[in-house]
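Since the structure comes first, as structure tokens, the remarks are kept for the end.
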Number of protein chains: 2
Amino acid sequence: MNQAQAQTTDTRTLVLDAALTLFSDRGYFNTSVHDIGRASGISIGSIYHHFGDKEGLARALYAGLTSRMQQLIGEVEHEATGSHDQARALVSRLFVLTETEPRAMAFMLYARHREFLPDEPPVCSSRPFAMMRDMVSRGMARGEIRRMDAMVASTCLFGGPLRMITARLDGILERPLPDYLDEVWACAWRSVAAH
Amino acid sequence: MNQAQAQTTDTRTLVLDAALTLFSDRGYFNTSVHDIGRASGISIGSIYHHFGDKEGLARALYAGLTSRMQQLIGEVEHEATGSHDQARALVSRLFVLTETEPRAMAFMLYARHREFLPDEPPVCSSRPFAMMRDMVSRGMARGEIRRMDAMVASTCLFGGPLRMITARLDGILERPLPDYLDEVWACAWRSVAAH
DNA sequence: TAAATTAGAACGAACGTTCGTTCTAATTGC
DNA sequence: GCAATTAGAACGAACGTTCGTTCTAATTTA
């Protein structure tokens, strides 16, 4: 990578970082492009050069985070075998991620993308969520998970954990999420386990 | 109620209805006060006379819906006895309400209030959610629900059903929610039931 | 190697538009 | 006739975006 490319990467990263912080702190509509410029130390012109428009910036952020999430699920699927272990590992990783990168998690799970990215499908339709549903379907085929509507099963299995995450992001949970993992997972698995 | 008061009520209702529709369709920030005036047939001046400012309008909407929700939970608590029956009745009512008044439900559960009502606590801290947690705590004291962190228990019990509601609002569920009630409730209760 | 040329990244003042809000006049109900 | 309500034109601040320019590094030419 030559110096120009490195600089481009730096600039984009600086802008995306600032945007993530501001978007998840105050929301997309309470953040102006000027705010992002100020916070990142990058000029307005440069931001528009790299991202086209404000929506393009949000799109880039969303795409980056979605692909990271996809990767995380992929890793979990390879590290563990069996739906129980895979799903538990996934919840564990998500809990840790919420503590280490709350802003990323907030933007992924919590932001109302439809309001500022009209062309994106809802988060629940995105690749990562589809992968979670597949994980559950395989568990059902294998007899680990009770036979039922696949959508219902994955909603019940991950619904509790995901709400714990949003509760934590809302600041109404005192202790870090991993402290609750065992208790939450026991409930979640019990709700769909075959035996 | 004299005619003036009746007219005031009408005006407020017209405005609140239009605001609810627009807010839940496009979001608070994609809706201008002029849009609300046009949609309701009420003038800008009148809207500002009744609600003070745009935020006051959102606050009135939020307060009205919160109190309706509170009332609904209160009714359920009186109609049924035992945490199991109460919680199941509540989920059932919420599923029906989502079908009959999706916009109200979307505004309550789905909107990011913090972004436009900076002084309101997060939804999860609101009265209705506190009542749901109390319902679970009583069930635990009574031995119906497994002993565990109260927050975890209520999140696990209602997490699945609430996510089903948001899935339905996102349009990724084909059939009406009540069709899924038995299956969803079985999972939810299993996750926290004592025996 | 030194100078000339090119590519594109960065800059920020300026623009047009939109939005929330205010203001004054008109209307209504008692 | 008086207070409350409605009306909608007008206002000003803030926003997303554009554009002419400068700067910097890479490439070509001699």
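Just so we're on the same page: first chain in the structure tokens is A, next is B, and so on; residues restart at 1 for each chain, and ligands are numbered from 1 in the order they show up.
Residues with any atom within 8 Å of segment 15-23 of chain C, counting only C-alpha atoms (C1' of nucleotides) and excluding same-chain neighbours fewer than 6 positions away, are Ser32, Val33, Asp53 and Lys54 of chain B; DC11 and DT18 of chain D.
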With a cut-off of 7 Å, could you pull out the residues of chain B touching chain A and give me the nearest pair of atoms for each, distance in Å to one decimal, using only C-alpha atoms, ordered by chain and ascending number, as JSON lines?
{"residue": "B:Arg26", "atom": "CA", "partner": "A:Glu115", "partner_atom": "CA", "distance": 6.3}
{"residue": "B:Gly27", "atom": "CA", "partner": "A:Glu115", "partner_atom": "CA", "distance": 6.1}
{"residue": "B:Phe29", "atom": "CA", "partner": "A:Phe29", "partner_atom": "CA", "distance": 6.7}
{"residue": "B:Glu115", "atom": "CA", "partner": "A:Gly27", "partner_atom": "CA", "distance": 6.1}
{"residue": "B:Pro122", "atom": "CA", "partner": "A:Asp170", "partner_atom": "CA", "distance": 6.6}
{"residue": "B:Val152", "atom": "CA", "partner": "A:Val184", "partner_atom": "CA", "distance": 6.4}
{"residue": "B:Thr155", "atom": "CA", "partner": "A:Gly160", "partner_atom": "CA", "distance": 5.6}
{"residue": "B:Cys156", "atom": "CA", "partner": "A:Gly160", "partner_atom": "CA", "distance": 4.4}
{"residue": "B:Gly159", "atom": "CA", "partner": "A:Gly160", "partner_atom": "CA", "distance": 4.4}
{"residue": "B:Gly160", "atom": "CA", "partner": "A:Cys156", "partner_atom": "CA", "distance": 4.4}
{"residue": "B:Arg163", "atom": "CA", "partner": "A:Gly159", "partner_atom": "CA", "distance": 5.9}
{"residue": "B:Met164", "atom": "CA", "partner": "A:Thr155", "partner_atom": "CA", "distance": 6.6}
{"residue": "B:Asp170", "atom": "CA", "partner": "A:Pro122", "partner_atom": "CA", "distance": 6.6}
{"residue": "B:Val184", "atom": "CA", "partner": "A:Val152", "partner_atom": "CA", "distance": 6.4}
{"residue": "B:Cys187", "atom": "CA", "partner": "A:Ser191", "partner_atom": "CA", "distance": 4.4}
{"residue": "B:Ala188", "atom": "CA", "partner": "A:Ser191", "partner_atom": "CA", "distance": 6.1}
{"residue": "B:Arg190", "atom": "CA", "partner": "A:Ser191", "partner_atom": "CA", "distance": 5.2}
{"residue": "B:Ser191", "atom": "CA", "partner": "A:Cys187", "partner_atom": "CA", "distance": 4.4}
{"residue": "B:Val192", "atom": "CA", "partner": "A:Cys187", "partner_atom": "CA", "distance": 6.1}
Near chain D, meaning an atom within 8 Å, which residues of chain B appear when counting only C-alpha atoms (C1' of nucleotides)? Write them as number ranges by chain.
B: 43-46
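The space between atom CA of Gly37 of chain B and atom CA of Thr21 of chain B spans 12.6 Å.
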Find the residues in chain A near chain C: any atom within 12 Å counts, using only C-alpha atoms (C1' of nucleotides). Write them as a PyMOL selection string.
chain A and resi 3-12+34+37+41-50
Give me every helix (DSSP H, G or I) residue in segment 31-73 of chain A, going by DSSP on the backbone, as a PyMOL selection string.
chain A and resi 33-40+44-51+54-73
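Straight-line separation from atom CA of Gly82 of chain A to atom CA of Ala130 of chain A: 17.5 Å.
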